[in-house]
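Chemist: My structure file data.csv, CSV, C-alpha atoms, is below:
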```
chain,number,residue,atom,x,y,z
A,1,MET,CA,0.6,20.0,0.5
A,2,LEU,CA,0.7,21.6,3.8
A,3,ILE,CA,1.1,25.0,2.2
A,4,ILE,CA,-1.7,24.5,-0.3
A,5,GLY,CA,-4.0,23.5,2.5
A,6,ILE,CA,-3.1,26.5,4.7
A,7,ALA,CA,-3.4,28.9,1.8
A,8,VAL,CA,-6.8,27.6,0.6
A,9,GLY,CA,-8.0,27.5,4.2
A,10,LEU,CA,-7.0,31.2,4.8
A,11,LEU,CA,-8.4,32.4,1.5
A,12,THR,CA,-11.8,30.7,2.1
A,13,GLY,CA,-12.0,31.9,5.7
A,14,LYS,CA,-11.5,28.5,7.3
A,15,SER,CA,-8.5,29.6,9.4
A,16,ALA,CA,-10.1,28.3,12.6
A,17,GLU,CA,-10.7,24.8,11.2
A,18,VAL,CA,-7.2,24.8,9.7
A,19,SER,CA,-5.6,25.6,13.1
A,20,THR,CA,-7.6,22.9,14.8
A,21,ALA,CA,-6.7,20.4,12.1
A,22,LEU,CA,-3.0,21.2,12.4
A,23,VAL,CA,-3.0,20.3,16.1
A,24,GLU,CA,-5.4,17.5,15.8
A,25,SER,CA,-3.8,15.7,12.9
A,26,ALA,CA,-0.3,15.9,14.4
A,27,LYS,CA,-1.9,14.1,17.3
A,28,THR,CA,-3.5,11.5,15.0
A,29,GLY,CA,-0.1,11.0,13.5
A,30,VAL,CA,1.4,9.9,16.8
A,31,ASN,CA,-1.6,7.8,17.7
A,32,HIS,CA,-1.5,6.1,14.3
A,33,ALA,CA,2.2,5.3,14.7
A,34,ILE,CA,1.6,3.9,18.2
A,35,GLY,CA,-1.2,1.7,17.0
A,36,MET,CA,1.0,0.7,14.1
A,37,ALA,CA,4.0,0.0,16.2
A,38,GLY,CA,2.5,-3.0,18.0
A,39,VAL,CA,1.3,-4.8,14.9
A,40,VAL,CA,4.3,-4.0,12.7
A,41,ALA,CA,6.7,-5.1,15.5
A,42,MET,CA,4.8,-8.3,16.0
A,43,TRP,CA,4.9,-9.2,12.3
A,44,SER,CA,8.5,-8.2,12.2
A,45,GLY,CA,9.2,-10.8,14.9
A,46,ILE,CA,7.3,-13.4,13.0
A,47,MET,CA,9.2,-12.5,9.8
A,48,ARG,CA,12.6,-12.9,11.5
A,49,LEU,CA,11.4,-16.3,12.8
A,50,ALA,CA,10.2,-17.4,9.4
A,51,GLU,CA,13.6,-16.3,8.0
A,52,ALA,CA,15.5,-18.3,10.6
A,53,GLU,CA,13.4,-21.4,9.8
A,54,GLY,CA,14.2,-21.1,6.1
A,55,LEU,CA,10.5,-20.5,5.2
A,56,LEU,CA,11.3,-17.2,3.5
A,57,ASP,CA,13.8,-19.1,1.2
A,58,ILE,CA,11.0,-21.5,0.3
A,59,LEU,CA,8.6,-18.7,-0.5
A,60,THR,CA,11.3,-16.9,-2.6
A,61,ARG,CA,12.0,-20.1,-4.6
A,62,LYS,CA,8.2,-20.4,-5.3
A,63,MET,CA,8.0,-16.8,-6.5
A,64,GLU,CA,11.4,-16.8,-8.3
A,65,GLY,CA,9.9,-16.7,-11.8
A,66,LEU,CA,7.8,-13.6,-11.1
A,67,ILE,CA,10.6,-11.8,-9.2
A,68,HIS,CA,13.1,-12.4,-12.0
A,69,PHE,CA,10.6,-11.2,-14.6
A,70,LEU,CA,10.0,-8.0,-12.7
A,71,PHE,CA,13.6,-7.4,-11.4
A,72,PRO,CA,15.9,-8.9,-14.0
A,73,HIS,CA,18.9,-7.0,-12.6
A,74,ILE,CA,18.8,-8.2,-8.9
A,75,PRO,CA,21.7,-10.8,-8.6
A,76,GLU,CA,20.4,-14.3,-7.8
A,77,GLY,CA,20.3,-15.0,-4.1
A,78,HIS,CA,20.4,-11.3,-3.1
A,79,PRO,CA,18.4,-10.8,0.2
A,80,ALA,CA,16.2,-8.2,-1.6
A,81,GLU,CA,14.5,-11.1,-3.4
A,82,LYS,CA,13.4,-12.6,-0.1
A,83,TYR,CA,11.8,-9.5,1.3
A,84,ILE,CA,10.1,-8.5,-2.0
A,85,SER,CA,8.6,-12.0,-2.2
A,86,LEU,CA,7.3,-11.7,1.3
A,87,ASN,CA,5.9,-8.2,0.8
A,88,PHE,CA,4.0,-9.3,-2.4
A,89,ALA,CA,2.7,-12.4,-0.8
A,90,ALA,CA,1.5,-10.6,2.4
A,91,ASN,CA,-0.2,-7.9,0.2
A,92,VAL,CA,-2.0,-10.6,-1.9
A,93,LEU,CA,-3.3,-12.1,1.3
A,94,GLY,CA,-4.4,-8.7,2.5
A,95,LEU,CA,-2.0,-8.7,5.5
A,96,GLY,CA,-1.1,-5.0,5.0
A,97,TRP,CA,0.5,-4.8,8.5
A,98,ALA,CA,2.7,-7.8,7.7
A,99,ALA,CA,3.7,-6.3,4.4
A,100,THR,CA,5.1,-3.1,5.9
A,101,PRO,CA,8.2,-4.6,7.8
A,102,ALA,CA,9.0,-6.8,4.8
A,103,GLY,CA,8.7,-3.8,2.5
A,104,ILE,CA,11.0,-1.6,4.5
A,105,SER,CA,13.5,-4.5,4.7
A,106,ALA,CA,13.2,-4.8,0.9
A,107,MET,CA,14.0,-1.1,0.5
A,108,GLU,CA,17.0,-1.5,2.8
A,109,ALA,CA,18.3,-4.4,0.8
A,110,LEU,CA,17.8,-2.6,-2.5
A,111,GLU,CA,19.7,0.4,-1.1
A,112,GLN,CA,22.5,-1.9,-0.2
A,113,LEU,CA,22.5,-3.3,-3.7
A,114,GLU,CA,22.7,0.2,-5.0
A,115,ASP,CA,25.7,0.9,-2.6
A,116,GLU,CA,27.4,-2.1,-4.0
A,117,ARG,CA,26.8,-0.9,-7.5
A,118,ARG,CA,28.1,2.6,-6.7
A,119,VAL,CA,31.3,1.1,-5.3
A,120,LYS,CA,31.8,-1.1,-8.5
A,121,ARG,CA,30.8,1.9,-10.7
A,122,HIS,CA,28.1,-0.4,-12.2
A,123,PRO,CA,26.4,1.2,-15.3
A,124,LEU,CA,23.0,0.9,-13.6
A,125,ALA,CA,24.2,2.7,-10.4
A,126,MET,CA,22.2,5.8,-9.3
A,127,GLU,CA,23.5,8.6,-7.2
A,128,ALA,CA,22.8,8.4,-3.4
A,129,GLY,CA,19.4,9.8,-2.6
A,130,THR,CA,17.9,8.7,-5.9
A,131,ALA,CA,15.6,5.8,-6.4
A,132,SER,CA,17.1,2.8,-8.2
A,133,ARG,CA,15.0,1.2,-11.0
A,134,GLU,CA,14.3,-1.8,-8.7
A,135,MET,CA,12.9,0.6,-6.0
A,136,CYS,CA,10.7,2.3,-8.6
A,137,THR,CA,9.5,-1.1,-9.9
A,138,PHE,CA,8.9,-2.4,-6.4
A,139,LEU,CA,6.8,0.6,-5.3
A,140,VAL,CA,4.8,0.8,-8.4
A,141,ILE,CA,3.7,-2.9,-8.2
A,142,ASN,CA,3.2,-2.5,-4.4
A,143,VAL,CA,0.8,0.4,-4.7
A,144,SER,CA,-1.0,-1.0,-7.7
A,145,SER,CA,-2.9,-3.0,-5.0
A,146,LEU,CA,-2.3,-6.7,-5.0
A,147,GLN,CA,-4.9,-7.7,-2.4
A,148,LEU,CA,-7.2,-10.4,-3.7
A,149,ILE,CA,-10.1,-10.2,-1.2
A,150,PRO,CA,-10.9,-6.8,0.2
A,151,MET,CA,-11.9,-8.0,3.7
A,152,THR,CA,-12.4,-4.6,5.4
A,153,ILE,CA,-14.7,-3.5,2.5
A,154,ILE,CA,-16.7,-6.7,2.8
A,155,ALA,CA,-17.1,-6.2,6.5
A,156,TYR,CA,-18.3,-2.6,6.0
A,157,ARG,CA,-20.7,-3.7,3.3
A,158,SER,CA,-22.3,-6.2,5.6
A,159,GLN,CA,-22.4,-3.6,8.4
A,160,PHE,CA,-24.3,-1.2,6.1
A,161,GLY,CA,-26.8,-3.9,5.1
A,162,ALA,CA,-25.7,-4.8,1.6
A,163,ALA,CA,-27.8,-7.6,0.0
A,164,VAL,CA,-24.8,-9.8,-0.7
A,165,PRO,CA,-21.7,-8.3,1.0
A,166,THR,CA,-19.3,-10.6,-0.8
A,167,GLU,CA,-20.6,-9.7,-4.3
A,168,ILE,CA,-17.7,-7.3,-4.5
A,169,VAL,CA,-15.1,-10.0,-4.6
A,170,LEU,CA,-15.2,-10.9,-8.3
A,171,PRO,CA,-15.4,-7.3,-9.7
A,172,GLY,CA,-12.8,-6.4,-7.1
A,173,ILE,CA,-10.4,-9.0,-8.4
A,174,LEU,CA,-10.9,-7.8,-12.0
A,175,ALA,CA,-10.3,-4.2,-11.1
A,176,THR,CA,-7.2,-5.0,-9.0
A,177,ALA,CA,-5.9,-7.2,-11.9
A,178,ALA,CA,-6.4,-4.3,-14.3
A,179,SER,CA,-4.4,-1.9,-12.1
A,180,THR,CA,-1.6,-4.3,-11.4
A,181,VAL,CA,-1.3,-5.3,-15.1
A,182,ALA,CA,-1.1,-1.6,-16.0
A,183,GLY,CA,1.6,-1.1,-13.3
A,184,ILE,CA,3.6,-4.1,-14.7
A,185,ILE,CA,3.4,-2.8,-18.3
A,186,PHE,CA,4.5,0.7,-17.1
A,187,VAL,CA,7.4,-0.7,-15.2
A,188,LYS,CA,8.5,-2.9,-18.1
A,189,ILE,CA,8.5,0.0,-20.5
A,190,MET,CA,10.4,2.3,-18.1
A,191,GLY,CA,12.8,-0.5,-17.2
A,192,ARG,CA,13.9,-0.8,-20.8
A,193,ARG,CA,15.1,2.8,-21.0
A,194,PRO,CA,18.7,3.4,-19.8
B,1,MET,CA,-18.4,-17.3,-0.7
B,2,ASN,CA,-18.7,-18.0,3.0
B,3,LEU,CA,-15.9,-20.5,2.7
B,4,ILE,CA,-13.7,-17.7,1.2
B,5,LEU,CA,-14.5,-15.5,4.2
B,6,PHE,CA,-13.8,-18.3,6.6
B,7,LEU,CA,-10.5,-19.0,5.0
B,8,SER,CA,-9.5,-15.3,5.0
B,9,ASN,CA,-10.3,-15.1,8.7
B,10,CYS,CA,-8.1,-18.1,9.4
B,11,ILE,CA,-5.0,-16.8,7.5
B,12,ILE,CA,-3.4,-14.8,10.3
B,13,PRO,CA,-3.8,-17.4,13.1
B,14,VAL,CA,-2.7,-20.3,10.8
B,15,ILE,CA,0.4,-18.5,9.6
B,16,ILE,CA,1.5,-17.6,13.1
B,17,LEU,CA,0.8,-21.0,14.5
B,18,TYR,CA,2.7,-22.6,11.6
B,19,VAL,CA,5.7,-20.4,12.0
B,20,VAL,CA,5.9,-20.8,15.8
B,21,GLY,CA,5.2,-24.5,15.6
B,22,LEU,CA,7.9,-25.1,13.0
B,23,GLY,CA,10.4,-23.1,15.2
B,24,LEU,CA,9.5,-25.3,18.2
B,25,SER,CA,10.0,-28.5,16.2
B,26,MET,CA,13.4,-27.2,14.9
B,27,LYS,CA,14.4,-26.5,18.5
B,28,LEU,CA,15.2,-22.9,17.6
B,29,ASP,CA,15.4,-20.2,20.3
B,30,ILE,CA,12.1,-18.8,19.0
B,31,PHE,CA,11.6,-16.2,21.7
B,32,ASP,CA,15.0,-14.6,21.2
B,33,ILE,CA,14.6,-14.5,17.4
B,34,PHE,CA,11.1,-13.1,17.8
B,35,LEU,CA,12.3,-10.4,20.1
B,36,GLU,CA,15.1,-9.4,17.8
B,37,GLY,CA,12.6,-8.9,15.0
B,38,VAL,CA,10.2,-7.0,17.3
B,39,LYS,CA,13.1,-4.6,18.2
B,40,ASP,CA,13.8,-4.1,14.5
B,41,GLY,CA,10.1,-3.5,13.9
B,42,LEU,CA,9.9,-0.8,16.6
B,43,LYS,CA,13.0,0.9,15.2
B,44,THR,CA,11.4,0.9,11.8
B,45,VAL,CA,8.2,2.5,13.1
B,46,GLY,CA,10.3,5.0,15.1
B,47,GLY,CA,12.2,5.9,12.0
B,48,ILE,CA,9.1,6.6,9.9
B,49,LEU,CA,7.3,8.5,12.7
B,50,PRO,CA,8.4,12.0,11.6
B,51,THR,CA,7.3,11.2,8.1
B,52,LEU,CA,3.9,10.0,9.3
B,53,ILE,CA,3.3,13.1,11.5
B,54,GLY,CA,4.2,15.4,8.6
B,55,LEU,CA,2.0,13.6,6.1
B,56,LEU,CA,-1.0,13.1,8.3
B,57,THR,CA,-0.9,16.8,9.4
B,58,ALA,CA,-0.8,17.9,5.7
B,59,VAL,CA,-3.7,15.6,4.8
B,60,GLY,CA,-5.7,16.9,7.9
B,61,VAL,CA,-5.1,20.5,6.9
B,62,LEU,CA,-6.1,19.8,3.3
B,63,ARG,CA,-9.4,18.2,4.5
B,64,ALA,CA,-10.1,21.0,6.9
B,65,ALA,CA,-9.7,23.5,4.2
B,66,ASN,CA,-12.1,21.5,2.0
B,67,VAL,CA,-9.5,21.2,-0.7
B,68,PHE,CA,-10.7,17.7,-1.6
B,69,ASP,CA,-14.2,19.0,-2.1
B,70,TYR,CA,-13.0,21.8,-4.3
B,71,VAL,CA,-11.2,19.2,-6.5
B,72,GLY,CA,-14.5,17.3,-6.7
B,73,GLN,CA,-16.5,20.4,-7.7
B,74,ALA,CA,-13.9,21.6,-10.2
B,75,LEU,CA,-14.3,18.4,-12.1
B,76,GLU,CA,-18.1,18.4,-11.9
B,77,PRO,CA,-18.8,18.4,-15.7
B,78,VAL,CA,-16.7,15.2,-16.0
B,79,ILE,CA,-18.6,13.6,-13.2
B,80,GLU,CA,-22.0,14.4,-14.6
B,81,LYS,CA,-21.2,12.5,-17.7
B,82,LEU,CA,-20.1,9.5,-15.7
B,83,ALA,CA,-23.1,9.6,-13.5
B,84,MET,CA,-21.2,9.6,-10.2
B,85,ALA,CA,-21.5,11.7,-7.1
B,86,PRO,CA,-18.9,14.4,-6.5
B,87,GLU,CA,-18.0,12.6,-3.3
B,88,VAL,CA,-16.8,9.6,-5.2
B,89,LEU,CA,-14.3,11.8,-7.0
B,90,SER,CA,-13.0,13.3,-3.7
B,91,LEU,CA,-12.8,9.7,-2.5
B,92,ILE,CA,-10.5,8.7,-5.4
B,93,PHE,CA,-8.3,11.7,-4.7
B,94,ILE,CA,-8.2,11.3,-1.0
B,95,LYS,CA,-7.3,7.6,-1.3
B,96,LEU,CA,-4.0,8.5,-2.8
B,97,PHE,CA,-3.0,10.1,0.5
B,98,SER,CA,-4.7,8.1,3.3
B,99,SER,CA,-6.7,4.8,3.4
B,100,THR,CA,-8.2,5.7,6.8
B,101,ALA,CA,-9.6,9.0,5.5
B,102,ALA,CA,-10.9,7.3,2.3
B,103,THR,CA,-12.6,4.6,4.3
B,104,GLY,CA,-14.4,7.2,6.4
B,105,LEU,CA,-15.6,8.9,3.2
B,106,MET,CA,-16.7,5.6,1.7
B,107,LEU,CA,-18.9,5.0,4.8
B,108,ASP,CA,-20.4,8.6,4.3
B,109,ILE,CA,-21.2,7.6,0.7
B,110,PHE,CA,-22.8,4.3,1.9
B,111,THR,CA,-25.0,6.3,4.3
B,112,GLU,CA,-25.9,9.0,1.8
B,113,TYR,CA,-26.6,6.9,-1.3
B,114,GLY,CA,-26.9,3.4,0.0
B,115,VAL,CA,-24.4,0.6,0.0
B,116,ASP,CA,-25.9,-1.2,-3.0
B,117,SER,CA,-26.3,2.0,-5.0
B,118,GLN,CA,-24.2,2.8,-8.0
B,119,ASN,CA,-22.1,5.3,-6.0
B,120,GLY,CA,-21.7,2.8,-3.2
B,121,TRP,CA,-20.5,0.1,-5.5
B,122,LEU,CA,-18.1,2.4,-7.3
B,123,SER,CA,-16.5,3.6,-4.1
B,124,ALA,CA,-16.1,0.1,-2.7
B,125,LEU,CA,-14.5,-1.0,-6.0
B,126,VAL,CA,-12.2,2.0,-6.2
B,127,LEU,CA,-11.0,1.4,-2.6
B,128,SER,CA,-10.4,-2.3,-3.3
B,129,CYS,CA,-8.2,-1.7,-6.4
B,130,THR,CA,-6.1,1.3,-5.3
B,131,GLU,CA,-3.5,1.9,-2.6
B,132,SER,CA,-2.6,5.0,-0.7
B,133,CYS,CA,0.4,5.5,-3.0
B,134,ILE,CA,1.6,8.9,-1.6
B,135,TYR,CA,1.5,7.5,1.9
B,136,THR,CA,3.3,4.2,1.0
B,137,MET,CA,5.9,6.1,-1.1
B,138,SER,CA,6.7,8.5,1.7
B,139,VAL,CA,7.1,5.8,4.3
B,140,TYR,CA,9.2,3.5,2.1
B,141,TYR,CA,11.4,6.1,0.5
B,142,MET,CA,11.9,8.2,3.7
B,143,SER,CA,13.1,5.0,5.4
B,144,GLN,CA,16.1,5.1,3.1
B,145,LYS,CA,16.3,8.9,2.9
B,146,ILE,CA,15.6,8.9,-0.8
B,147,THR,CA,14.2,12.1,-2.2
B,148,LYS,CA,14.4,11.7,-6.0
B,149,THR,CA,11.8,9.1,-6.8
B,150,ARG,CA,12.1,9.2,-10.6
B,151,TRP,CA,9.1,7.5,-12.3
B,152,THR,CA,7.6,5.9,-9.2
B,153,LEU,CA,4.7,8.4,-8.9
B,154,ALA,CA,3.9,8.3,-12.6
B,155,GLY,CA,3.7,4.5,-12.5
B,156,ALA,CA,1.6,4.5,-9.4
B,157,LEU,CA,-0.8,7.0,-10.8
B,158,THR,CA,-1.0,5.1,-14.1
B,159,ALA,CA,-2.0,1.9,-12.2
B,160,ALA,CA,-4.5,3.9,-10.1
B,161,VAL,CA,-6.1,5.6,-13.1
B,162,VAL,CA,-6.5,2.2,-14.9
B,163,GLY,CA,-8.0,0.7,-11.7
B,164,VAL,CA,-10.5,3.6,-11.5
B,165,ILE,CA,-11.5,3.2,-15.1
B,166,ALA,CA,-11.9,-0.5,-14.7
B,167,SER,CA,-14.1,0.2,-11.6
B,168,ILE,CA,-16.3,2.6,-13.5
B,169,LEU,CA,-16.7,0.1,-16.4
B,170,LEU,CA,-17.5,-2.8,-14.0
B,171,THR,CA,-20.0,-0.7,-12.1
B,172,GLY,CA,-21.5,0.4,-15.4
B,173,MET,CA,-22.0,-3.2,-16.4
B,174,MET,CA,-23.9,-4.0,-13.2
B,175,TYR,CA,-26.4,-1.2,-13.6
```
Spell out the structure here as structure tokens.
Modeler:
Amino acid sequence: MLIIGIAVGLLTGKSAEVSTALVESAKTGVNHAIGMAGVVAMWSGIMRLAEAEGLLDILTRKMEGLIHFLFPHIPEGHPAEKYISLNFAANVLGLGWAATPAGISAMEALEQLEDERRVKRHPLAMEAGTASREMCTFLVINVSSLQLIPMTIIAYRSQFGAAVPTEIVLPGILATAASTVAGIIFVKIMGRRP
Amino acid sequence: MNLILFLSNCIIPVIILYVVGLGLSMKLDIFDIFLEGVKDGLKTVGGILPTLIGLLTAVGVLRAANVFDYVGQALEPVIEKLAMAPEVLSLIFIKLFSSTAATGLMLDIFTEYGVDSQNGWLSALVLSCTESCIYTMSVYYMSQKITKTRWTLAGALTAAVVGVIASILLTGMMY
């Protein structure tokens, strides 16, 4: 990506803009991470607390059916189930920042599951550095957008004087459902292949 | 509708209040547990910082070199048939990389065409039914040092394409 950008920039005589962008966006990267650090760390603390109280187990039990349907090969009671449930729930509620620490913990747990499989020479085991089918499934569903109510978009719509800012909710839910269902179908088809 | 908005605004405080309150009533050492988690969270962010800088720099350069606009222009014949502005197409493309950049572009479209215009509606819908999949994939996979992502990108793009088609159809039904 970086190379394409620089090449196109140089070819079209935008070298000055490209140099500025290189420096500026590296700065944006750090600023973004610092802004993110506070919120992610705070949610990460709340997550640990909810875990200690057993709230995560309750949530996982509520979402058990869905998780088993999407991830039939995760052994029952594996910690990955907990973090995946929390990540999906946070995404549905539109708490993107709360979803990130849960998502990273889920990836960690899935990588551990893969390590266990590698040790046991399980038929599903993938080489180190390669995504397991659970990771692929988790990410496809995650990025298919699960958020029910697009709060930021409603806020911007009202700021720009939309007649009815919340009119977006119903079509938004329909479009989100369409993309998520497509993601689930895709994952199910790919999951069947060895 | 106002009730939905009110409830959405209450979610975060209510969740935090509930989790902390429950911890108190269970006589847990809430502050210590919370701090443990905060430390982990900071480590996580520190771990993905290099990925973030790399990705955001690449996106910044692509934007400065107008690559997103060229993609929009190249697909102009398709856009004309669908009656949408070239900016909307750049928006769809840019959303795969960065939500912040896409939101900025959506606001430009709101200013240029109007928030309740067909283009305004389409951009709002597209942003609400897609995620920045390249960004999320980089952050999540790099946290576990995974480089071979197999069918993740194909699946993510399938979901995004279906979402965009649904948005176009829904917008078409309203106009």
Chemist: Of the candidates A:Leu56, A:Ala80, A:Leu139, A:Val92, which one gets nearest to chain B if we count all atoms listed in the file?
Modeler: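 Of A:Leu56, A:Ala80, A:Leu139, A:Val92, the one nearest chain B is A:Leu139, counting all atoms listed in the file.
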Chemist: Find the spatial neighbours of Glu114 (chain A), counting all atoms listed in the file, within a cut-off of 7 Å - ignore same-chain residues fewer than 4 positions away - and output them as a PyMOL selection string.
Modeler: chain A and resi 110+118+125+132
Chemist: Could you tell me how far CA of Phe93 (chain B) sits from CA of Thr57 (chain B), in Å to one decimal place?
Modeler: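 Rounded to one decimal, the two atoms are 16.7 Å apart.
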Chemist: Select, as a VMD selection string, those residues of chain A with any atom no more than 7 Å from chain B (distances computed using all atoms listed in the file).
Modeler: chain A and resid 1 to 2 5 to 6 8 to 9 14 17 to 18 21 to 22 25 to 26 29 to 30 33 37 40 to 42 44 to 46 48 to 50 53 101 104 107 to 108 129 to 131 136 139 to 140 143 to 145 150 153 157 160 162 166 171 to 172 175 to 176 178 to 180 182 to 183 186 to 187
Chemist: At what distance in Å, to one decimal, does CA of Ala89 (chain A) lie from CA of Arg61 (chain A)?
Modeler: 12.7 Å
Chemist: Rounded to one decimal, what separation in Å do you get between CA of Ile189 (chain A) and CA of Ser98 (chain B)?
Modeler: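 These atoms are spaced 28.4 Å apart.
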Chemist: Which residue gives the smallest distance to Gly38 (chain A) among A:Pro72, A:Val23, A:Ala98, A:Glu81, with all atoms listed in the file counted?
Modeler: A:Ala98
Chemist: Of the candidates A:Ala52, A:His68, A:Ile173, A:Ala99, which shows the shortest atom-to-atom distance to Leu24 (chain B), using all atoms listed in the file?
Modeler: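 Counting all atoms listed in the file, the residue closest to Leu24 (chain B) is A:Ala52.
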Chemist: Considering all atoms listed in the file, return as a ChimeraX atom specification whatever protein or nucleic-acid residues lie within 8 Å of Lys82 (chain A), sequence-local ones (same chain, fewer than 3 positions apart) excluded.
Modeler: /A:56-57,59-60,78-79,85-86,106
